[in-house]
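These notes are about the structure you will find just below.
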Amino acid sequence: MTTVQSPPAPPTAIQRPRVVARTGLYAVLAANAAVIAWFFAQAGFASNALIVLGRLTGLYAALIMAFQLVLVARLPWLDRRIGMDRLTSWHRWTGFGLLWTLLAHVVFISFGYAEGTDVGPIGEIVDLAETTEGVLRAVVAFCLIIVVGAVSARYARRRLAYETWHFIHLYTYVAVVLAFTHQVAVGTTFTSSSVATGYWYGVWGVALGSVVLGRAVLPLWRNWRHQFRVTAVVPENDSVVSIYISGKDLDQLPARAGQFFLWRFLTADRWWQANPFSLSAAPDGRTLRLTAKAAGQGSAALRHVKVGTRVFAEGPYGAFTALHRTRPESVLIAGGVGVTPIRALLEEVQGHAVVIYRVGSDRDAVLYDELRELATAKGAELHLVTGPPVPDKLAAGELARLVPDIAERDVFLCGPPPMMNAVLGSLRELDVPKPQIHFERFSLAG
């Protein structure tokens, strides 16, 4: 008698990787906030309430700054559970929280020390910078944070090239060093206790160590180990090309279907440019494949990359994987070249799957033949939806017709932002529970 093995059960709400990682982050942040408050109380309070508030907000601003570093460290455990897009979004919003907390610190401290003097808060800051060790460093750090915050505002960010914004953003690390040395030099919470000083060095050691590990050590080690090279360049149509990449010990690379890498093709004119492209086939331990559309100069030049070109790949990144499924059955919705991670996911997902591929016309359906073959082999349903963006071909009614039990399935969604926003609205109308909706937006941070 033949035994049919059922697919592994989806994780419960308590076990879900994203829930575990998010809860862990919150718990670590809350625990450190409590420890800082305890050390602060042990050091004693100043007689001036404004100075007390200023010192406390300064401590919490530094904690937020350390937390921000962890969010963009690209640590694999966090990234594959939460996703770079969400971590980057949290980094952005905590950045604005940092600005307000630092501003409160400066206002409280300056007004507190100016109380009872005739120089005023601005004059007091100038006097402190001239006479007190570490204060000038704090003023410079504050100015750098203000500049970085200004260029990170949505209005400014849209008008700057990514490389320009990224270069300015690197000054955050200078601000981090200046702020840290300021606190250990003059912060009464740390100068009065060797235990508190050791704790603060530990916090910043973990934060900066995470950045060095995730942004430098791991990428360098993986590229040295795997020795990535281009083995084939295959045009899929006039504007889309697939690149096959091989290397050593690729079966040891912890990549999953749905993830992406930041790819640098080490040619004279492209080595400095990194582009995020998803894997368009599930990793098989021998070859990695990316498929890209010519959306700009960088991606358009990919079809001219030579076989044998060395590749520097950072990753794998992303939480758009079957690791996060919550139901035995799934719906995979792709739009345009967003089909690349969907096609890879179809290889890996277990249970019955429905694939919906939204394109303008049949000739735009990149990798459609592969999708059809995979769907046939896995017993999945495949729907090719064509036509102009208006009227919306993936409105709630149409999705319900194509997949009547969509609210009982996981939904994996990837495509252009307008299409994704429209589908997310349709899913809300159909009361698909939020934990069952999986999507990822490419977003990089400094």
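Within each chain, counting starts at residue 1; across the structure tokens, chains are named A, B, ... in the order shown, with ligands numbered 1 upward in that order.
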Give the alpha helix (DSSP H) residues of stretch 32-249 of chain A, as assigned by DSSP on the backbone, as a ChimeraX atom specification. /A:32-43,49-71,76-82,84-114,120-131,135-152,154-157,162-169,171-186,188-191,194-212,218-226
Could you save the residues just selected, with C-alpha atoms, as a compact mmCIF listing (two decimals), in the first residue's frame?
```txt
# COMPACT_ATOMS: atom_id res chain seq x y z
CA ASN A 32 16.91 47.88 27.43
CA ALA A 33 14.64 50.85 28.07
CA ALA A 34 13.94 49.47 31.55
CA VAL A 35 17.65 48.86 32.24
CA ILE A 36 18.50 52.41 31.19
CA ALA A 37 15.80 53.81 33.48
CA TRP A 38 17.21 51.77 36.37
CA PHE A 39 20.79 52.94 35.80
CA PHE A 40 19.52 56.50 35.41
CA ALA A 41 17.71 56.34 38.76
CA GLN A 42 20.74 54.77 40.46
CA ALA A 43 22.93 57.66 39.31
CA ALA A 49 13.70 68.98 36.45
CA LEU A 50 14.52 70.17 32.93
CA ILE A 51 18.04 68.77 33.20
CA VAL A 52 16.62 65.47 34.46
CA LEU A 53 14.32 65.27 31.43
CA GLY A 54 17.14 66.32 29.12
CA ARG A 55 19.46 63.58 30.36
CA LEU A 56 16.76 60.92 30.16
CA THR A 57 15.70 61.88 26.61
CA GLY A 58 19.36 61.84 25.60
CA LEU A 59 19.73 58.28 26.86
CA TYR A 60 16.62 57.11 25.04
CA ALA A 61 17.69 58.91 21.86
CA ALA A 62 20.93 56.94 21.95
CA LEU A 63 19.00 53.70 22.50
CA ILE A 64 16.80 54.49 19.49
CA MET A 65 19.91 55.18 17.44
CA ALA A 66 21.38 51.78 18.39
CA PHE A 67 18.06 50.11 17.57
CA GLN A 68 18.08 51.77 14.16
CA LEU A 69 21.46 50.23 13.41
CA VAL A 70 20.14 46.76 14.19
CA LEU A 71 17.14 47.33 11.89
CA PRO A 76 19.77 36.97 8.16
CA TRP A 77 17.63 35.77 11.07
CA LEU A 78 15.67 39.03 11.20
CA ASP A 79 15.56 39.63 7.47
CA ARG A 80 14.06 36.28 6.48
CA ARG A 81 11.39 36.61 9.18
CA ILE A 82 10.44 40.28 8.88
CA MET A 84 14.03 44.13 4.40
CA ASP A 85 11.11 46.31 3.29
CA ARG A 86 9.46 46.26 6.73
CA LEU A 87 12.74 46.64 8.59
CA THR A 88 13.58 49.63 6.38
CA SER A 89 10.16 51.14 7.03
CA TRP A 90 10.64 50.74 10.79
CA HIS A 91 14.10 52.27 10.46
CA ARG A 92 12.57 55.28 8.71
CA TRP A 93 9.87 55.87 11.33
CA THR A 94 12.17 55.34 14.29
CA GLY A 95 14.48 57.85 12.58
CA PHE A 96 11.83 60.53 12.87
CA GLY A 97 11.28 59.45 16.47
CA LEU A 98 15.01 59.89 17.01
CA LEU A 99 14.86 63.43 15.62
CA TRP A 100 12.11 64.47 18.02
CA THR A 101 13.79 62.79 20.99
CA LEU A 102 17.11 64.49 20.24
CA LEU A 103 15.35 67.81 19.83
CA ALA A 104 13.70 67.33 23.23
CA HIS A 105 17.11 66.48 24.71
CA VAL A 106 18.70 69.66 23.34
CA VAL A 107 15.77 71.88 24.42
CA PHE A 108 15.53 70.46 27.94
CA ILE A 109 19.29 70.54 28.54
CA SER A 110 19.80 74.05 27.16
CA PHE A 111 16.88 75.57 29.04
CA GLY A 112 17.72 73.62 32.18
CA TYR A 113 21.32 74.83 32.36
CA ALA A 114 20.30 78.34 31.31
CA GLY A 120 19.83 82.18 27.48
CA PRO A 121 19.58 78.63 26.11
CA ILE A 122 21.55 79.30 22.90
CA GLY A 123 24.34 81.00 24.80
CA GLU A 124 24.36 78.12 27.29
CA ILE A 125 24.86 75.58 24.50
CA VAL A 126 27.78 77.66 23.17
CA ASP A 127 29.32 77.88 26.65
CA LEU A 128 28.95 74.14 27.23
CA ALA A 129 30.48 73.36 23.86
CA GLU A 130 33.48 75.54 24.68
CA THR A 131 34.03 74.41 28.27
CA VAL A 135 29.50 68.61 24.21
CA LEU A 136 30.92 69.95 20.95
CA ARG A 137 30.87 66.40 19.59
CA ALA A 138 27.22 66.14 20.59
CA VAL A 139 26.37 69.38 18.79
CA VAL A 140 28.04 68.13 15.59
CA ALA A 141 26.23 64.78 15.88
CA PHE A 142 22.90 66.58 16.31
CA CYS A 143 23.50 68.72 13.21
CA LEU A 144 24.40 65.61 11.17
CA ILE A 145 21.22 63.84 12.29
CA ILE A 146 19.17 66.90 11.30
CA VAL A 147 20.73 66.89 7.81
CA VAL A 148 20.17 63.15 7.33
CA GLY A 149 16.59 63.49 8.56
CA ALA A 150 15.93 66.35 6.16
CA VAL A 151 17.15 64.44 3.09
CA SER A 152 15.21 61.37 4.22
CA ARG A 154 9.67 61.97 1.43
CA TYR A 155 9.75 65.24 -0.56
CA ALA A 156 13.56 65.39 -0.60
CA ARG A 157 14.11 61.65 -0.99
CA TYR A 162 19.82 56.85 -4.54
CA GLU A 163 23.63 57.09 -4.61
CA THR A 164 23.51 60.75 -3.43
CA TRP A 165 21.04 59.98 -0.65
CA HIS A 166 23.06 56.94 0.41
CA PHE A 167 26.31 58.95 0.58
CA ILE A 168 24.67 61.59 2.81
CA HIS A 169 23.08 58.85 4.90
CA TYR A 171 27.17 60.46 7.90
CA THR A 172 24.79 58.81 10.37
CA TYR A 173 27.68 56.53 11.36
CA VAL A 174 29.84 59.58 12.11
CA ALA A 175 27.00 60.92 14.27
CA VAL A 176 26.77 57.58 16.07
CA VAL A 177 30.44 57.64 17.05
CA LEU A 178 30.27 61.29 18.16
CA ALA A 179 27.10 60.74 20.21
CA PHE A 180 28.50 57.64 21.90
CA THR A 181 31.78 59.30 22.91
CA HIS A 182 29.80 62.30 24.18
CA GLN A 183 27.69 60.13 26.48
CA VAL A 184 30.50 58.08 27.96
CA ALA A 185 32.48 61.29 28.55
CA VAL A 186 29.85 63.44 30.31
CA THR A 188 26.37 61.01 34.71
CA THR A 189 24.53 57.72 34.29
CA PHE A 190 27.73 56.10 33.01
CA THR A 191 30.50 58.10 34.67
CA SER A 194 31.48 51.05 35.90
CA VAL A 195 28.66 48.50 35.51
CA ALA A 196 26.53 51.03 33.62
CA THR A 197 29.51 51.99 31.48
CA GLY A 198 30.15 48.33 30.64
CA TYR A 199 26.48 47.86 29.80
CA TRP A 200 26.50 50.86 27.45
CA TYR A 201 29.61 49.62 25.69
CA GLY A 202 27.86 46.27 25.32
CA VAL A 203 24.73 47.82 23.76
CA TRP A 204 26.72 49.78 21.22
CA GLY A 205 29.08 46.89 20.61
CA VAL A 206 26.12 44.68 19.64
CA ALA A 207 24.57 47.41 17.47
CA LEU A 208 27.74 48.29 15.57
CA GLY A 209 28.85 44.66 15.48
CA SER A 210 25.54 43.73 13.86
CA VAL A 211 26.13 46.28 11.09
CA VAL A 212 29.68 45.08 10.48
CA LEU A 218 28.75 38.00 5.71
CA PRO A 219 28.69 39.37 2.12
CA LEU A 220 32.49 39.23 1.84
CA TRP A 221 32.67 35.72 3.26
CA ARG A 222 29.87 34.36 1.09
CA ASN A 223 31.32 35.82 -2.09
CA TRP A 224 34.78 34.50 -1.24
CA ARG A 225 33.29 31.06 -0.55
CA HIS A 226 30.91 30.79 -3.51
```
As JSON, numbers by chain, please: every residue in stretch 207-382 of chain A that a backbone DSSP assignment puts in strand (DSSP E). {"A": [229, 230, 231, 232, 233, 234, 235, 240, 241, 242, 243, 244, 245, 246, 260, 261, 262, 263, 264, 265, 275, 276, 277, 278, 287, 288, 289, 290, 291, 292, 293, 311, 312, 313, 314, 315, 316, 317, 330, 331, 332, 333, 334, 335, 353, 354, 355, 356, 357, 358, 359, 381, 382]}
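The space separating atom CA of A:Val423 from atom CA of A:Val403 comes to 13.5 Å.
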For A:Phe261, please output as a PyMOL selection string all residues within 9 Å (counting only C-alpha atoms; exclusion window: fewer than 5 positions along the same chain). chain A and resi 275-279+313-318
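Atom pair atom CA of A:Arg358 / atom CA of A:Ile406: separated by 16.9 Å.
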Quick one: everything within 10 Å of stretch 417-419 of chain A, counting only C-alpha atoms, minus sequence neighbours fewer than 5 positions away in the same chain. Send it as a VMD selection string. chain A and resid 334 to 336 358 389 392 to 394 424 to 425 441
Mind writing the picked residues with N, CA and C atoms as a PDB file, in the first residue's frame?
```
ATOM      1  N   ALA A 334       0.771  37.495  -9.642  1.00  0.00           N
ATOM      2  CA  ALA A 334       1.917  38.197 -10.201  1.00  0.00           C
ATOM      3  C   ALA A 334       1.453  39.253 -11.194  1.00  0.00           C
ATOM      4  N   GLY A 335       2.193  40.342 -11.255  1.00  0.00           N
ATOM      5  CA  GLY A 335       1.942  41.370 -12.250  1.00  0.00           C
ATOM      6  C   GLY A 335       3.229  41.712 -12.966  1.00  0.00           C
ATOM      7  N   GLY A 336       3.236  41.620 -14.305  1.00  0.00           N
ATOM      8  CA  GLY A 336       4.420  41.976 -15.072  1.00  0.00           C
ATOM      9  C   GLY A 336       5.625  41.134 -14.690  1.00  0.00           C
ATOM     10  N   ARG A 358      -1.087  38.672 -14.176  1.00  0.00           N
ATOM     11  CA  ARG A 358      -1.711  39.866 -14.762  1.00  0.00           C
ATOM     12  C   ARG A 358      -0.705  40.583 -15.651  1.00  0.00           C
ATOM     13  N   PRO A 389      -4.849  48.501 -17.776  1.00  0.00           N
ATOM     14  CA  PRO A 389      -5.037  48.628 -16.321  1.00  0.00           C
ATOM     15  C   PRO A 389      -6.457  49.003 -15.917  1.00  0.00           C
ATOM     16  N   ASP A 392     -10.155  47.593 -13.812  1.00  0.00           N
ATOM     17  CA  ASP A 392      -9.328  46.711 -13.007  1.00  0.00           C
ATOM     18  C   ASP A 392      -9.752  45.263 -13.204  1.00  0.00           C
ATOM     19  N   LYS A 393      -8.842  44.455 -13.771  1.00  0.00           N
ATOM     20  CA  LYS A 393      -9.158  43.056 -14.031  1.00  0.00           C
ATOM     21  C   LYS A 393      -9.005  42.173 -12.795  1.00  0.00           C
ATOM     22  N   LEU A 394      -8.457  42.734 -11.689  1.00  0.00           N
ATOM     23  CA  LEU A 394      -8.308  41.957 -10.462  1.00  0.00           C
ATOM     24  C   LEU A 394      -9.077  42.604  -9.324  1.00  0.00           C
ATOM     25  N   LEU A 424      -4.339  44.614  -3.074  1.00  0.00           N
ATOM     26  CA  LEU A 424      -4.456  44.649  -1.611  1.00  0.00           C
ATOM     27  C   LEU A 424      -5.816  45.203  -1.197  1.00  0.00           C
ATOM     28  N   GLY A 425      -6.292  46.214  -1.929  1.00  0.00           N
ATOM     29  CA  GLY A 425      -7.638  46.729  -1.654  1.00  0.00           C
ATOM     30  C   GLY A 425      -8.702  45.684  -1.904  1.00  0.00           C
ATOM     31  N   ARG A 441       8.021  44.883  -0.800  1.00  0.00           N
ATOM     32  CA  ARG A 441       8.397  45.994  -1.687  1.00  0.00           C
ATOM     33  C   ARG A 441       9.899  46.206  -1.541  1.00  0.00           C
TER      34      ARG A 441
END
```
Show me, as number ranges by chain, the residues that have an atom within 12 Å of A:Pro404 when counting only C-alpha atoms, minus same-chain residues fewer than 6 positions from it. A: 331, 354, 396-398, 430, 432
I'd like to know which of A:Leu402, A:Ala353, A:Glu133, A:Trp263 is closest to A:Phe312, using only C-alpha atoms. A:Trp263
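The two atoms in question, atom CA of A:Val349 and atom CA of A:Pro283, are spaced 13.5 Å apart.
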Residues near A:Val366, cut-off 12 Å, only C-alpha atoms, skip fewer than 5 positions along chain, as a ChimeraX atom specification: /A:235-242,280,291-293,334-340,342-343,357-361,371-372,384
